[in-house]
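K.L.:
First, the structure itself, so that you have it in front of you.
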Amino acid sequence: MELLFQFLANTGYWLADYRQIIMIVVGSVFVYLGTAKKYEPLLLVPIGFGILVGNIPFFKGFGLGIYEPNSVLHYLYFGVTTGLYPSIIFLGLGAMTDFSSLLARPILMLLGAAAQMGIFFTLLSALALGFLPKEAASIAIIGGADGPTSIFLTAKLAPHLIGPIAIAAYSYMALIPVIQPPIMRLLTTRKERLIRMQELRAVPKKELVIFPTIAVLLCCFLAPASIPLLGMFFFGNFLKECGVTDRLAQTARTAIIDTATILLGLTVGASTQGDVFLTPKSLGIFLLGAVAFSIATASGIIFAKIMNLFLKEKINPLLGASGVSAVPGSAREVHLMGQSEDPENYLLMHAMACNSSGVIGSAICAGVLWSFLLA
Amino acid sequence: MYGFKAISYYNGWAMALTGALIVFAGLVVLSTTIYIFPKILMLWEKRQIKYKMPIEVEPEEQQALSLPKQFPSDINEIANLYKPLIEELGETFYLTDLYEISKKYDFPHPHITLAAFRDSEILIPHGKGVFTWNQPEDNEKE
């Protein structure tokens with residue numbers, strides 16, 4: 001009988017804490033949104049399931065939890081805390097990215113730069129709310145709307161905040177269809193939304209092959225701390241474009257990125273153990289994340305409007321919203337918004353150009369912030 | 001510490017301003033490089049041609065298609081103009097090939113037209129970018 005009681009006392013039912021129950025509900029919502037509503041399922045399903053796994057109550061000291069040394073989850077989490085998974089994801093992302101629209105219309109790159117202003121505004125807001133500089137920088141990078149970059153920088157600067165920051169970053173990425181359209185409508189007139197973009201020129205293969213080499217040198221010389229992200233990103237793109245490593249590019253954009261995404265999603269989800277995650281700081285991070293994302297969207301749109309004051313050939317300001325690096329979610333939203341006003345207005349390729357420059361911009365931001373706070 | 005005091009204490013203003021300037025400068029340099037890139041490539045290619053022996057080039061095959069000056073607005077009439085291209089590509093073809101060939105023959109706005117073909121089910125997708133042509137017989141030109 002005593003043995004039975006001892007066993008029961010070690011079960012999850014007995015050890016359950018209200019915070020774990022709350023997190024299990026949150027995890028279930030993520031899984032529901034990913035599977036039933038199809039909101040970013042490739043991200044929300046692994047993270048949601050990871051939240052369920054990470055919040056199952058267990059007897060501490062058995063080497064089971066993600067924060068316990070020698071546990072399997074702890075070893076898998078190593079890829080997050082060292083920034084390994086984000087780098088691998090960037091390799092695959094590079095092998096997927098087509099820069100032809102960006103090369104055809106380089107001026108759109110400025111919108112990718114403008115959308116990063118949300119990061120710096122949030123940095124100031126987080127400092128004002130009492131976060132320490134390294135924490136503030138990690139929170140601010142959510143404004144880049146780039147999950148792997150947020151995790152990478154947080155792993156380097158404020159590893160204790162990886163859980164809430166990753167969850168906030170990915171949640172807002174999944175909520176793009178909810179967050180961005182009202183801001184786009186608010187900041188643009190119908191006339192502006194109807195602006196048609198000129199057809200893009202065909203980019204010769206030579207340009208596509210040389211671009212990643214030049215870009216990696218220019219960007220990484222400027223911000224060497226972004227080498228783990230941009231080095232891998234442009235390497236992946238070179239594999240895709242050079243024409244002699246198709247097999248490697250194919251593996252990078254399928255098996256490799258998928259493996260990294262699964263492990264990253266699951267372990268980030270599992271790192272949100274109720275007792276560690278449910279703190280006032282996490283609430284602050286979520287609020288600031290929303291601010292960062294909204295300001296990033298708004299600053300891209302406003303900058304496009306400013307550019308239109310000087311340009312002979314006007315840019316559709318909706319494109320500014322795709323300067324955040326949520327690929328391809330924000331580009332899709334811009335395209336849909338453009339089509340809702342004029343069904344024959346095709347903004348997708350132009351929006352993808354801004355999107356890919358947003359990826360480069362947020363990785364440079366991460367490198368710059370890391371180098372500022374290295375000491 | 002909170003508010004402006006915290007921002008000043010942790011050098012926040014300088015960090016934000018310098019950071020924003022660096023990121024902007026980086027992307028401006030990159031976009032300028034991309035902008036001048038085709039021109040440099042063109043100069044390089046011209047230079048190469050200059051130093052190469054002239055080789056006899058076979059005259060390019062004349063364009064077999066003559067497009068009307070006023071492009072029709074009806075989707076089926078446009079589809080009739082695309083018919084010779086489909087015949088050239090074969091029964092099944094990649095959409096990218098159709099796009100390339102329509103650009104080669106100077107069809108106006110091919111991506112919009114191809115999207116319209118897809119919407120009106122004249123182009124039938126078979127996965128992995130492979131398509132077949134499905135223009136009803138009675139809509140074809142006699």
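In the structure tokens, chains take the letters A, B, ... in the order shown, each chain's residues start at 1, and ligands count up from 1 in the order shown.
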Quick one: which chain A residues come within 7 Å of chain B, and what is the nearest atom pair for each with the distance in Å to one decimal, counting only C-alpha atoms, rows ordered by chain and ascending number, as a tab-separated table?
P.N.:
```
residue	atom	partner	partner_atom	distance
A:Leu103	CA	B:Ile34	CA	6.2
A:Pro106	CA	B:Ser31	CA	5.1
A:Ile107	CA	B:Ser31	CA	6.4
A:Met109	CA	B:Ser31	CA	6.2
A:Leu110	CA	B:Val28	CA	6.6
A:Ala113	CA	B:Phe24	CA	5.5
A:Met117	CA	B:Ala20	CA	6.6
A:Phe120	CA	B:Ala16	CA	5.0
A:Leu124	CA	B:Gly12	CA	6.1
A:Leu127	CA	B:Ile7	CA	5.5
A:Ala128	CA	B:Gly3	CA	3.9
A:Leu129	CA	B:Tyr2	CA	5.5
A:Gly130	CA	B:Tyr2	CA	4.9
A:Pro133	CA	B:Tyr10	CA	6.7
A:Ala215	CA	B:Leu30	CA	6.7
A:Leu218	CA	B:Leu30	CA	7.0
A:Cys219	CA	B:Gly26	CA	6.6
A:Leu222	CA	B:Gly26	CA	6.9
A:Gly361	CA	B:Val23	CA	6.5
A:Ile364	CA	B:Val23	CA	6.4
A:Cys365	CA	B:Val23	CA	6.3
A:Val368	CA	B:Gly19	CA	6.3
```
K.L.:
Write out as a PyMOL selection string the residues lying within 10 Å of Lys305 in chain A, counting only C-alpha atoms and excluding same-chain residues fewer than 4 positions away.
P.N.:
chain A and resi 187-188+192+299-301+309-311+314-318+320
K.L.:
If we count only C-alpha atoms, what is near Leu102 in chain A at a cut-off of 8 Å, once residues fewer than 2 positions away on the same chain are taken out, given as a count of residues only?
P.N.:
13
K.L.:
Could you jot down the CA of Thr272 in chain A to CA of Pro164 in chain A separation for me, Å, one decimal place?
P.N.:
7.1 Å
K.L.:
So what do you get for CA of Gly48 in chain A versus CA of Ile176 in chain A, distance-wise?
P.N.:
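Straight-line distance from CA of Gly48 in chain A to CA of Ile176 in chain A works out to 17.9 Å.
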K.L.:
Name all residues at most 8 Å from range 334-349 of chain A (count only C-alpha atoms; drop same-chain ones fewer than 2 positions away) and give them as a list of chain:residue names.
P.N.:
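Once the nearby chain positions are removed, what remains is A:Ser101, A:Pro181, A:Arg190, A:Arg193, A:Leu194, A:Arg196, A:Met197, A:Leu318, A:Leu319, A:Ala321, A:Ser322, A:Ser330, A:Ala331, A:Arg332, A:Ala351, A:Met352, A:Ala353, B:Ile112.
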K.L.:
For the residues in that selection, give me all heavy atoms as a short mmCIF file (atom, residue, chain, number, x, y, z; two decimals), in the first residue's frame.
P.N.:
```cif
data_model
loop_
_atom_site.label_atom_id
_atom_site.label_comp_id
_atom_site.auth_asym_id
_atom_site.auth_seq_id
_atom_site.Cartn_x
_atom_site.Cartn_y
_atom_site.Cartn_z
N SER A 101 13.57 39.40 -57.34
CA SER A 101 12.75 40.62 -57.27
C SER A 101 13.49 41.75 -56.57
O SER A 101 13.34 42.92 -56.95
CB SER A 101 11.41 40.32 -56.59
OG SER A 101 11.61 39.59 -55.43
N PRO A 181 -3.11 44.05 -41.16
CA PRO A 181 -4.12 44.74 -42.00
C PRO A 181 -4.71 46.02 -41.40
O PRO A 181 -4.80 47.02 -42.11
CB PRO A 181 -5.17 43.66 -42.25
CG PRO A 181 -4.42 42.39 -42.15
CD PRO A 181 -3.41 42.61 -41.09
N ARG A 190 -7.03 54.92 -49.98
CA ARG A 190 -7.41 53.96 -51.03
C ARG A 190 -6.59 54.20 -52.29
O ARG A 190 -6.14 53.27 -52.95
CB ARG A 190 -8.91 54.07 -51.31
CG ARG A 190 -9.36 53.05 -52.31
CD ARG A 190 -10.84 52.81 -52.35
NE ARG A 190 -11.09 51.63 -53.14
CZ ARG A 190 -11.25 51.64 -54.45
NH1 ARG A 190 -11.21 52.77 -55.11
NH2 ARG A 190 -11.45 50.51 -55.12
N ARG A 193 -3.31 52.64 -51.96
CA ARG A 193 -3.37 51.18 -52.04
C ARG A 193 -3.57 50.69 -53.47
O ARG A 193 -3.32 49.54 -53.79
CB ARG A 193 -4.48 50.64 -51.13
CG ARG A 193 -4.23 50.84 -49.66
CD ARG A 193 -5.12 49.98 -48.81
NE ARG A 193 -6.50 50.38 -48.80
CZ ARG A 193 -7.05 51.27 -47.97
NH1 ARG A 193 -6.30 51.85 -47.06
NH2 ARG A 193 -8.32 51.56 -48.03
N LEU A 194 -4.06 51.60 -54.32
CA LEU A 194 -4.31 51.22 -55.71
C LEU A 194 -3.07 51.38 -56.61
O LEU A 194 -3.11 51.01 -57.78
CB LEU A 194 -5.45 52.07 -56.28
CG LEU A 194 -6.86 51.68 -55.80
CD1 LEU A 194 -7.87 52.72 -56.26
CD2 LEU A 194 -7.26 50.31 -56.33
N ARG A 196 -0.10 50.81 -58.74
CA ARG A 196 0.43 49.58 -59.35
C ARG A 196 1.93 49.69 -59.51
O ARG A 196 2.44 50.75 -59.85
CB ARG A 196 -0.21 49.35 -60.71
CG ARG A 196 -1.63 48.89 -60.60
CD ARG A 196 -2.09 48.31 -61.89
NE ARG A 196 -3.49 47.92 -61.78
CZ ARG A 196 -4.11 47.22 -62.70
NH1 ARG A 196 -3.47 46.82 -63.78
NH2 ARG A 196 -5.37 46.90 -62.56
N MET A 197 2.59 48.59 -59.28
CA MET A 197 4.05 48.58 -59.40
C MET A 197 4.43 48.16 -60.82
O MET A 197 3.75 47.33 -61.43
CB MET A 197 4.65 47.60 -58.39
CG MET A 197 4.37 47.95 -56.94
SD MET A 197 5.17 49.47 -56.42
CE MET A 197 6.88 48.98 -56.41
N LEU A 318 1.81 50.05 -49.22
CA LEU A 318 1.53 48.78 -48.51
C LEU A 318 2.78 47.93 -48.41
O LEU A 318 2.97 47.17 -47.47
CB LEU A 318 0.45 47.99 -49.26
CG LEU A 318 -0.98 48.52 -49.22
CD1 LEU A 318 -1.87 47.65 -50.08
CD2 LEU A 318 -1.50 48.57 -47.80
N LEU A 319 3.66 48.09 -49.41
CA LEU A 319 4.88 47.27 -49.44
C LEU A 319 5.74 47.48 -48.20
O LEU A 319 6.49 46.59 -47.79
CB LEU A 319 5.70 47.59 -50.69
CG LEU A 319 5.09 47.16 -52.02
CD1 LEU A 319 5.94 47.65 -53.17
CD2 LEU A 319 4.95 45.64 -52.09
N ALA A 321 4.87 47.47 -45.24
CA ALA A 321 4.49 46.53 -44.18
C ALA A 321 5.22 45.20 -44.33
O ALA A 321 5.38 44.46 -43.36
CB ALA A 321 2.99 46.30 -44.21
N SER A 322 5.67 44.89 -45.55
CA SER A 322 6.37 43.61 -45.73
C SER A 322 7.87 43.78 -45.51
O SER A 322 8.64 42.86 -45.76
CB SER A 322 6.09 43.03 -47.11
OG SER A 322 6.45 43.96 -48.10
N SER A 330 3.96 38.24 -44.23
CA SER A 330 3.62 39.66 -44.40
C SER A 330 3.51 40.01 -45.88
O SER A 330 2.67 40.83 -46.25
CB SER A 330 4.63 40.55 -43.69
OG SER A 330 5.91 40.29 -44.15
N ALA A 331 4.31 39.36 -46.73
CA ALA A 331 4.21 39.61 -48.18
C ALA A 331 2.82 39.19 -48.67
O ALA A 331 2.20 39.86 -49.49
CB ALA A 331 5.29 38.86 -48.92
N ARG A 332 2.35 38.07 -48.14
CA ARG A 332 1.05 37.55 -48.53
C ARG A 332 -0.06 38.54 -48.11
O ARG A 332 -0.97 38.81 -48.88
CB ARG A 332 0.84 36.20 -47.86
CG ARG A 332 -0.26 35.36 -48.47
CD ARG A 332 -0.24 33.96 -47.90
NE ARG A 332 -0.13 33.97 -46.45
CZ ARG A 332 0.55 33.09 -45.74
NH1 ARG A 332 1.22 32.13 -46.33
NH2 ARG A 332 0.60 33.14 -44.43
N ALA A 351 6.54 42.58 -52.77
CA ALA A 351 6.51 42.42 -51.32
C ALA A 351 7.56 41.42 -50.86
O ALA A 351 8.18 41.58 -49.80
CB ALA A 351 5.12 41.98 -50.87
N MET A 352 7.80 40.39 -51.68
CA MET A 352 8.83 39.40 -51.32
C MET A 352 10.21 40.05 -51.31
O MET A 352 11.09 39.66 -50.53
CB MET A 352 8.81 38.22 -52.30
CG MET A 352 7.68 37.25 -52.08
SD MET A 352 7.63 36.53 -50.43
CE MET A 352 9.05 35.46 -50.49
N ALA A 353 10.41 41.05 -52.18
CA ALA A 353 11.70 41.76 -52.20
C ALA A 353 11.90 42.47 -50.87
O ALA A 353 12.99 42.39 -50.27
CB ALA A 353 11.71 42.77 -53.35
N ILE B 112 0.26 38.16 -65.38
CA ILE B 112 -1.16 38.45 -65.08
C ILE B 112 -2.04 37.52 -65.92
O ILE B 112 -3.01 36.93 -65.44
CB ILE B 112 -1.49 39.93 -65.40
CG1 ILE B 112 -0.65 40.82 -64.49
CG2 ILE B 112 -2.97 40.21 -65.21
CD1 ILE B 112 -0.78 42.30 -64.78
#
```
K.L.:
Between CA of Phe131 in chain B and CA of Leu98 in chain B, what is the spacing in Å?
P.N.:
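Separation of CA of Leu98 in chain B and CA of Phe131 in chain B: 9.5 Å.
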K.L.:
Out of range 17-109 of chain B, which residues get alpha helix (DSSP H) from DSSP, as a PyMOL selection string?
P.N.:
chain B and resi 17-51+75-89+95-104
K.L.:
Residues at most 12 Å from Leu42 in chain A, counting only C-alpha atoms, excluding those fewer than 5 positions away in the same chain, as a PyMOL selection string?
P.N.:
chain A and resi 30-31+33-35+47-49+170+173-174+257-266
K.L.:
Take the residues just selected and output them with N, CA and C atoms as a tab-separated table (two decimals), in the first residue's frame.
P.N.:
```tsv
chain	number	residue	atom	x	y	z
A	30	PHE	N	-2.27	26.67	-28.90
A	30	PHE	CA	-1.29	26.74	-30.01
A	30	PHE	C	-1.50	25.58	-30.99
A	31	VAL	N	-1.64	24.37	-30.43
A	31	VAL	CA	-1.83	23.19	-31.29
A	31	VAL	C	-3.13	23.33	-32.08
A	33	LEU	N	-4.69	26.19	-32.90
A	33	LEU	CA	-4.56	27.22	-33.93
A	33	LEU	C	-3.75	26.72	-35.13
A	34	GLY	N	-2.70	25.94	-34.82
A	34	GLY	CA	-1.84	25.41	-35.89
A	34	GLY	C	-2.56	24.39	-36.75
A	35	THR	N	-3.30	23.48	-36.10
A	35	THR	CA	-3.90	22.38	-36.87
A	35	THR	C	-5.28	22.75	-37.44
A	47	ILE	N	5.85	24.04	-31.38
A	47	ILE	CA	5.95	24.83	-30.14
A	47	ILE	C	4.82	24.45	-29.18
A	48	GLY	N	3.61	24.36	-29.71
A	48	GLY	CA	2.47	24.01	-28.86
A	48	GLY	C	2.65	22.65	-28.21
A	49	PHE	N	3.09	21.69	-28.99
A	49	PHE	CA	3.28	20.34	-28.42
A	49	PHE	C	4.43	20.37	-27.41
A	170	TYR	N	7.05	34.13	-32.22
A	170	TYR	CA	6.32	33.23	-33.12
A	170	TYR	C	4.81	33.48	-33.07
A	173	MET	N	4.17	36.36	-35.26
A	173	MET	CA	4.32	35.97	-36.67
A	173	MET	C	3.06	35.25	-37.15
A	174	ALA	N	2.52	34.41	-36.27
A	174	ALA	CA	1.31	33.68	-36.64
A	174	ALA	C	0.10	34.62	-36.72
A	257	ILE	N	16.45	22.15	-42.80
A	257	ILE	CA	15.64	23.20	-42.13
A	257	ILE	C	14.47	22.58	-41.38
A	258	ASP	N	13.92	21.49	-41.92
A	258	ASP	CA	12.79	20.85	-41.23
A	258	ASP	C	13.23	20.26	-39.90
A	259	THR	N	14.41	19.59	-39.89
A	259	THR	CA	14.91	18.99	-38.65
A	259	THR	C	15.14	20.09	-37.61
A	260	ALA	N	15.81	21.17	-38.05
A	260	ALA	CA	16.10	22.25	-37.11
A	260	ALA	C	14.81	22.89	-36.59
A	261	THR	N	13.83	23.04	-37.47
A	261	THR	CA	12.56	23.67	-37.05
A	261	THR	C	11.84	22.80	-36.02
A	262	ILE	N	11.85	21.48	-36.26
A	262	ILE	CA	11.19	20.56	-35.31
A	262	ILE	C	11.84	20.67	-33.94
A	263	LEU	N	13.19	20.55	-33.93
A	263	LEU	CA	13.89	20.54	-32.64
A	263	LEU	C	13.78	21.89	-31.95
A	264	LEU	N	13.89	22.96	-32.73
A	264	LEU	CA	13.79	24.30	-32.15
A	264	LEU	C	12.40	24.53	-31.57
A	265	GLY	N	11.39	24.21	-32.36
A	265	GLY	CA	10.02	24.43	-31.91
A	265	GLY	C	9.70	23.63	-30.65
A	266	LEU	N	10.06	22.35	-30.68
A	266	LEU	CA	9.74	21.48	-29.55
A	266	LEU	C	10.45	21.94	-28.27
```
